[in-house]
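final17.txt (compact mmCIF, C-alpha atoms and all ligand atoms)
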# COMPACT_ATOMS: atom_id res chain seq x y z
CA ARG A 100 -12.42 -106.55 -29.82
CA ASN A 101 -9.10 -104.81 -30.00
CA PRO A 102 -7.70 -104.57 -26.44
CA ARG A 103 -6.60 -100.98 -27.17
CA HIS A 104 -10.26 -99.99 -26.93
CA GLN A 105 -10.08 -100.42 -23.19
CA THR A 106 -6.93 -98.34 -22.77
CA PRO A 107 -7.91 -95.07 -21.09
CA ARG A 108 -4.69 -93.33 -22.22
CA PRO A 109 -3.47 -92.40 -24.80
CA ASN A 110 -6.69 -90.74 -25.76
CA ARG A 111 -6.58 -91.63 -29.42
CA THR A 112 -6.85 -95.28 -30.40
CA ASP A 113 -6.34 -96.86 -33.79
CA ALA A 114 -9.60 -98.73 -33.46
CA THR A 115 -12.28 -98.49 -36.07
CA GLU A 116 -15.82 -98.40 -34.80
CA ASP A 117 -17.49 -96.93 -37.83
CA GLY A 118 -21.17 -97.42 -38.45
CA THR A 119 -21.66 -99.59 -35.42
CA GLY A 120 -23.48 -97.16 -33.18
CA ARG A 121 -20.61 -97.33 -30.71
CA SER A 122 -18.99 -94.16 -29.52
CA VAL A 123 -16.52 -92.57 -31.92
CA ALA A 124 -15.94 -89.53 -29.73
CA THR A 125 -16.49 -88.89 -26.05
CA VAL A 126 -15.80 -85.61 -24.30
CA THR A 127 -16.55 -84.97 -20.67
CA GLU A 128 -16.21 -81.76 -18.69
CA LEU A 129 -14.42 -79.86 -21.41
CA HIS A 130 -13.22 -76.44 -20.30
CA ARG A 131 -11.51 -73.80 -22.41
CA SER A 132 -10.74 -70.19 -21.59
CA PHE A 133 -9.15 -67.42 -23.60
CA GLY A 134 -7.80 -64.93 -21.09
CA THR A 135 -10.69 -64.20 -18.76
CA THR A 136 -13.32 -65.51 -21.21
CA HIS A 137 -14.49 -68.93 -20.11
CA VAL A 138 -15.76 -70.26 -23.46
CA LEU A 139 -16.38 -73.95 -22.83
CA ARG A 140 -17.64 -74.65 -19.35
CA GLY A 141 -17.69 -78.33 -18.55
CA LEU A 142 -19.14 -79.46 -21.87
CA ASP A 143 -20.15 -83.12 -22.32
CA LEU A 144 -20.60 -84.70 -25.74
CA GLU A 145 -20.74 -88.14 -27.24
CA ILE A 146 -20.91 -88.99 -30.94
CA ARG A 147 -21.71 -92.50 -32.08
CA GLY A 148 -20.50 -94.32 -35.17
CA GLY A 149 -22.47 -93.36 -38.26
CA GLU A 150 -24.40 -90.64 -36.45
CA PHE A 151 -24.96 -87.24 -38.10
CA VAL A 152 -24.99 -84.51 -35.48
CA ALA A 153 -25.53 -80.81 -36.12
CA LEU A 154 -24.28 -78.14 -33.74
CA LEU A 155 -25.98 -74.76 -33.55
CA GLY A 156 -24.97 -71.81 -31.43
CA ARG A 157 -24.41 -68.09 -31.57
CA SER A 158 -21.25 -66.61 -33.00
CA GLY A 159 -18.58 -66.81 -30.34
CA SER A 160 -20.33 -69.56 -28.38
CA GLY A 161 -17.33 -71.88 -28.83
CA LYS A 162 -18.40 -74.17 -31.68
CA SER A 163 -15.10 -73.92 -33.55
CA THR A 164 -13.17 -74.25 -30.30
CA LEU A 165 -15.03 -77.49 -29.59
CA LEU A 166 -14.26 -78.83 -33.07
CA ARG A 167 -10.61 -77.90 -32.75
CA SER A 168 -10.47 -79.72 -29.41
CA LEU A 169 -11.98 -82.85 -30.93
CA ALA A 170 -9.45 -82.67 -33.77
CA GLY A 171 -6.57 -82.30 -31.35
CA LEU A 172 -5.85 -78.78 -32.63
CA ASP A 173 -6.60 -76.98 -29.38
CA PRO A 174 -5.09 -77.41 -25.91
CA ALA A 175 -8.45 -77.52 -24.13
CA SER A 176 -8.63 -79.38 -20.84
CA PRO A 177 -11.28 -82.06 -20.68
CA ARG A 178 -11.68 -84.64 -17.94
CA GLU A 179 -11.85 -87.14 -20.78
CA LEU A 180 -11.49 -86.78 -24.54
CA THR A 181 -11.45 -90.00 -26.51
CA VAL A 182 -11.66 -90.31 -30.26
CA HIS A 183 -11.65 -93.76 -31.83
CA GLY A 184 -9.82 -93.78 -35.15
CA ALA A 185 -9.02 -90.99 -37.57
CA VAL A 186 -10.57 -87.51 -37.47
CA SER A 187 -10.87 -85.13 -40.41
CA VAL A 188 -11.94 -81.50 -40.45
CA ALA A 189 -13.35 -79.34 -43.23
CA PHE A 190 -13.62 -75.60 -42.68
CA GLN A 191 -15.66 -72.79 -44.19
CA GLU A 192 -12.65 -71.84 -46.31
CA PRO A 193 -11.36 -74.88 -48.19
CA ARG A 194 -7.73 -73.99 -47.31
CA LEU A 195 -6.24 -75.66 -50.38
CA LEU A 196 -2.57 -75.21 -51.21
CA PRO A 197 -2.67 -72.98 -54.32
CA TRP A 198 0.64 -74.21 -55.72
CA ARG A 199 -0.40 -77.88 -55.71
CA THR A 200 -2.89 -79.50 -58.05
CA VAL A 201 -6.32 -80.57 -56.86
CA GLU A 202 -5.19 -84.20 -56.78
CA ASP A 203 -2.05 -83.33 -54.82
CA ASN A 204 -4.11 -81.42 -52.29
CA VAL A 205 -6.19 -84.53 -51.64
CA ALA A 206 -3.23 -86.94 -51.71
CA LEU A 207 -1.33 -84.78 -49.21
CA ALA A 208 -3.88 -85.75 -46.56
CA LEU A 209 -2.30 -89.20 -46.79
CA ALA A 210 1.27 -87.89 -46.69
CA ASN A 211 2.41 -90.17 -43.88
CA GLY A 212 0.39 -93.11 -45.07
CA PRO A 213 0.72 -95.48 -47.99
CA LEU A 214 2.98 -95.43 -51.04
CA ARG A 215 2.79 -92.59 -53.53
CA ARG A 216 1.01 -94.69 -56.17
CA ILE A 217 -1.58 -95.84 -53.64
CA ARG A 218 -2.07 -92.28 -52.33
CA ARG A 219 -2.72 -91.14 -55.88
CA GLU A 220 -5.29 -93.91 -56.41
CA HIS A 221 -7.07 -93.02 -53.19
CA ALA A 222 -7.05 -89.32 -54.08
CA ARG A 223 -8.54 -90.04 -57.51
CA ARG A 224 -11.24 -92.23 -56.06
CA SER A 225 -12.08 -89.56 -53.52
CA LEU A 226 -12.28 -86.92 -56.26
CA ASP A 227 -14.51 -89.25 -58.30
CA GLU A 228 -16.85 -89.47 -55.32
CA VAL A 229 -17.29 -85.71 -55.14
CA GLY A 230 -17.80 -85.44 -58.90
CA LEU A 231 -14.48 -83.76 -59.73
CA THR A 232 -12.78 -86.47 -61.76
CA GLU A 233 -11.95 -84.06 -64.56
CA LYS A 234 -10.51 -81.42 -62.21
CA ARG A 235 -7.73 -83.49 -60.71
CA ASP A 236 -4.96 -81.67 -62.60
CA ALA A 237 -6.54 -78.25 -62.11
CA TRP A 238 -5.12 -75.53 -59.86
CA PRO A 239 -7.20 -74.66 -56.81
CA LEU A 240 -7.50 -71.00 -57.82
CA SER A 241 -9.29 -72.02 -61.03
CA LEU A 242 -12.14 -73.65 -59.08
CA SER A 243 -15.48 -72.18 -58.08
CA GLY A 244 -16.28 -71.92 -54.38
CA GLY A 245 -18.45 -75.02 -54.54
CA GLN A 246 -15.80 -77.01 -56.39
CA ALA A 247 -13.13 -75.98 -53.90
CA GLN A 248 -15.38 -77.10 -51.07
CA ARG A 249 -15.84 -80.45 -52.85
CA VAL A 250 -12.06 -80.85 -52.92
CA SER A 251 -12.01 -80.05 -49.23
CA LEU A 252 -14.56 -82.85 -48.64
CA ALA A 253 -12.58 -85.26 -50.82
CA ARG A 254 -9.46 -84.41 -48.83
CA ALA A 255 -11.32 -84.90 -45.54
CA LEU A 256 -12.68 -88.30 -46.57
CA VAL A 257 -9.62 -89.74 -48.31
CA SER A 258 -8.23 -90.92 -44.97
CA LYS A 259 -11.50 -92.75 -44.18
CA PRO A 260 -12.11 -90.94 -40.90
CA ASN A 261 -14.35 -92.33 -38.20
CA LEU A 262 -15.20 -88.78 -37.24
CA LEU A 263 -15.81 -85.99 -39.74
CA LEU A 264 -15.88 -82.47 -38.34
CA LEU A 265 -17.47 -79.84 -40.58
CA ASP A 266 -17.12 -76.22 -39.44
CA GLU A 267 -19.71 -74.20 -41.37
CA PRO A 268 -18.53 -75.72 -44.64
CA PHE A 269 -21.39 -74.30 -46.70
CA SER A 270 -21.81 -70.85 -45.16
CA ALA A 271 -19.89 -69.01 -47.86
CA LEU A 272 -21.71 -70.69 -50.76
CA ASP A 273 -24.70 -69.43 -52.70
CA ALA A 274 -28.05 -71.03 -51.93
CA LEU A 275 -28.21 -73.42 -54.88
CA THR A 276 -24.62 -74.57 -54.48
CA ARG A 277 -25.34 -75.11 -50.79
CA ILE A 278 -28.25 -77.39 -51.68
CA GLU A 279 -26.00 -79.38 -54.04
CA MET A 280 -23.49 -79.70 -51.23
CA HIS A 281 -26.17 -80.99 -48.86
CA ARG A 282 -26.98 -83.70 -51.35
CA LEU A 283 -23.31 -84.55 -51.75
CA VAL A 284 -22.58 -84.66 -48.03
CA VAL A 285 -25.52 -86.97 -47.40
CA ALA A 286 -24.40 -89.27 -50.24
CA LEU A 287 -20.83 -89.35 -48.91
CA TRP A 288 -22.04 -89.92 -45.38
CA LYS A 289 -24.24 -92.83 -46.51
CA ARG A 290 -21.31 -94.39 -48.33
CA HIS A 291 -18.64 -94.01 -45.63
CA ARG A 292 -20.72 -93.70 -42.50
CA PRO A 293 -18.40 -91.61 -40.37
CA GLY A 294 -19.78 -89.95 -37.29
CA VAL A 295 -20.38 -86.35 -38.41
CA LEU A 296 -20.40 -83.19 -36.34
CA LEU A 297 -21.60 -80.33 -38.53
CA VAL A 298 -21.42 -76.78 -37.22
CA THR A 299 -23.93 -74.53 -38.91
CA HIS A 300 -25.77 -71.26 -38.43
CA ASP A 301 -28.61 -72.55 -40.52
CA VAL A 302 -31.40 -74.18 -38.53
CA ASP A 303 -33.03 -75.55 -41.70
CA GLU A 304 -29.75 -77.17 -42.69
CA ALA A 305 -29.42 -78.79 -39.25
CA LEU A 306 -32.98 -80.09 -39.32
CA ALA A 307 -32.66 -81.33 -42.90
CA LEU A 308 -29.46 -83.29 -42.42
CA ALA A 309 -28.91 -84.38 -38.84
CA ASP A 310 -30.08 -87.26 -36.66
CA ARG A 311 -29.51 -85.06 -33.66
CA VAL A 312 -29.29 -81.30 -33.26
CA LEU A 313 -27.35 -79.73 -30.39
CA VAL A 314 -27.36 -76.13 -29.23
CA LEU A 315 -24.20 -74.78 -27.64
CA ASP A 316 -24.89 -72.01 -25.15
CA GLN A 317 -23.07 -70.73 -22.06
CA GLY A 318 -20.26 -73.16 -22.77
CA GLN A 319 -22.41 -76.27 -22.58
CA VAL A 320 -24.79 -78.32 -24.69
CA ALA A 321 -27.88 -76.43 -23.59
CA ALA A 322 -30.49 -78.27 -25.68
CA GLN A 323 -30.72 -81.15 -28.08
CA TRP A 324 -33.29 -82.77 -30.32
CA SER A 325 -33.29 -86.19 -31.92
CA LEU A 326 -34.95 -86.35 -35.32
CA ALA A 327 -36.64 -89.31 -36.96
CA VAL A 328 -35.82 -89.21 -40.68
CA PRO A 329 -34.41 -85.81 -41.53
CA ARG A 330 -36.05 -84.24 -44.55
CA GLY A 331 -32.87 -83.90 -46.58
CA ARG A 332 -32.25 -87.63 -46.26
CA ARG A 333 -35.62 -88.97 -47.33
CA ASN A 334 -35.92 -90.73 -50.66
CA GLY A 335 -36.97 -88.73 -53.69
CA ASP A 336 -35.50 -85.32 -54.27
CA PRO A 337 -35.46 -83.42 -51.00
CA GLN A 338 -33.54 -80.54 -52.54
CA ILE A 339 -36.40 -79.73 -54.87
CA SER A 340 -38.90 -79.69 -52.02
CA ALA A 341 -36.46 -77.57 -50.04
CA ILE A 342 -36.42 -75.05 -52.87
CA ARG A 343 -40.20 -75.14 -53.22
CA THR A 344 -40.70 -74.23 -49.60
CA HIS A 345 -38.90 -70.96 -50.33
CA VAL A 346 -40.78 -70.09 -53.54
P1 LIG B 1 -17.86 -69.91 -32.69
O1 LIG B 1 -17.17 -70.87 -33.60
O2 LIG B 1 -19.02 -70.50 -31.96
O3 LIG B 1 -18.25 -68.65 -33.38
P2 LIG B 1 -15.27 -69.76 -31.42
O4 LIG B 1 -15.03 -71.12 -30.87
O5 LIG B 1 -14.55 -69.38 -32.65
O6 LIG B 1 -16.83 -69.50 -31.52
O7 LIG B 1 -14.86 -68.69 -30.32
C1 LIG B 1 -15.43 -68.72 -29.02
C2 LIG B 1 -14.87 -67.56 -28.21
O8 LIG B 1 -13.49 -67.76 -27.98
C3 LIG B 1 -15.01 -66.21 -28.89
O9 LIG B 1 -15.29 -65.26 -27.90
C4 LIG B 1 -13.65 -65.97 -29.48
O10 LIG B 1 -13.37 -64.62 -29.55
C5 LIG B 1 -12.75 -66.68 -28.49
N1 LIG B 1 -11.56 -67.22 -29.13
C6 LIG B 1 -11.53 -68.27 -30.00
N2 LIG B 1 -10.28 -68.52 -30.40
C7 LIG B 1 -9.49 -67.61 -29.78
C8 LIG B 1 -8.08 -67.37 -29.77
N3 LIG B 1 -7.22 -68.12 -30.46
N4 LIG B 1 -7.63 -66.36 -28.99
C9 LIG B 1 -8.48 -65.61 -28.25
N5 LIG B 1 -9.81 -65.80 -28.22
C10 LIG B 1 -10.30 -66.78 -28.95
MG MG B 2 -16.76 -70.78 -35.62
Could I get this structure in the form of structure tokens?
Amino acid sequence: RNPRHQTPRPNRTDATEDGTGRSVATVTELHRSFGTTHVLRGLDLEIRGGEFVALLGRSGSGKSTLLRSLAGLDPASPRELTVHGAVSVAFQEPRLLPWRTVEDNVALALANGPLRRIRREHARRSLDEVGLTEKRDAWPLSLSGGQAQRVSLARALVSKPNLLLLDEPFSALDALTRIEMHRLVVALWKRHRPGVLLVTHDVDEALALADRVLVLDQGQVAAQWSLAVPRGRRNGDPQISAIRTHV
């Protein structure tokens, strides 16, 4: 075991604890206010390696603020916030750079990492995994919404994160594209086994995909359920049965 695991500070370690069931993220007593609005009020959360967690909550309940805190993008004040290894985030809007090709957008996530040739190889592999091999030289503005979101996933996964934060990544997509994206996310998750925290408004989506569903309310995790084998992850074709239930 890497001795850095035991170091309480700095909060981020270089350790990899993927797929082991060990904690990849621990937050205790997280508080965050904007002006007089106390959004997160002593929130506690732990995500284990390889676990798929969904987070529900009303608009404005602080879901995005929590994700930004976990990603180190928000100056929230927790008692403890530890993330083991790399974190990636994908948002509702893919946020691709329009003047760079699809492949460049993915490779740029590795900008401080390996050599250019290696970055390019990783980016191509990541695009292969999301089914966009033939789009690597395309411009982001030529992509459909679903394709752009696939690039966003490829970019998030190219750095092999231990923790993947997804902030309503499918909310802007049409229903069928959303179902394709569910299938893709589950396949990618099975292959890489990051801990996932998926923010969604869609209760069906949470129940179909996650091992554990959390509800954020009043600035805390107000309820949670653990699920046995989520429907969208059973063998066979869960997407078809998902469609049938709506016919
Ligand atoms: P959710 O993602 O659950 O919809 P957010 O985390 O985006 O909620 O926001 C939670 C609350 O914090 C909201 O009331 C929102 O208006 C407020 N808030 C979030 N970010 C900011 C900001 N940068 N400045 C001021 N208020 C903010
Ligand atoms: Mg939000």
Residues near range 294-303 of chain A, anyone? I mean within 9 Å using only C-alpha atoms, not counting same-chain ones fewer than 4 positions away, as a ChimeraX atom specification. /A:117-118,122-124,146-158,162-163,166,260-270,288,307-309
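For the set A:Leu306, A:Leu196, A:Leu287, A:Val138, the residue with the smallest atom-to-atom gap to ligand LIG 1 (chain B) is A:Val138, counting only C-alpha atoms and all ligand atoms.
Using only C-alpha atoms and all ligand atoms, the smallest distance between any of A:Gln323, A:Ser132, A:Gln191, A:Gln317 and ligand MG 2 (chain B) comes from A:Gln191.
Proximity to ligand MG 2 (chain B) was assessed for A:Leu240, A:Leu256, A:Leu315, A:His137 counting all atoms listed in the file; the smallest distance is recorded for A:Leu315.
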Selected residue, from A:Val182, A:Val257, A:Leu231, A:Leu172, that lies nearest to Ala206 in chain A when counting only C-alpha atoms: A:Val257
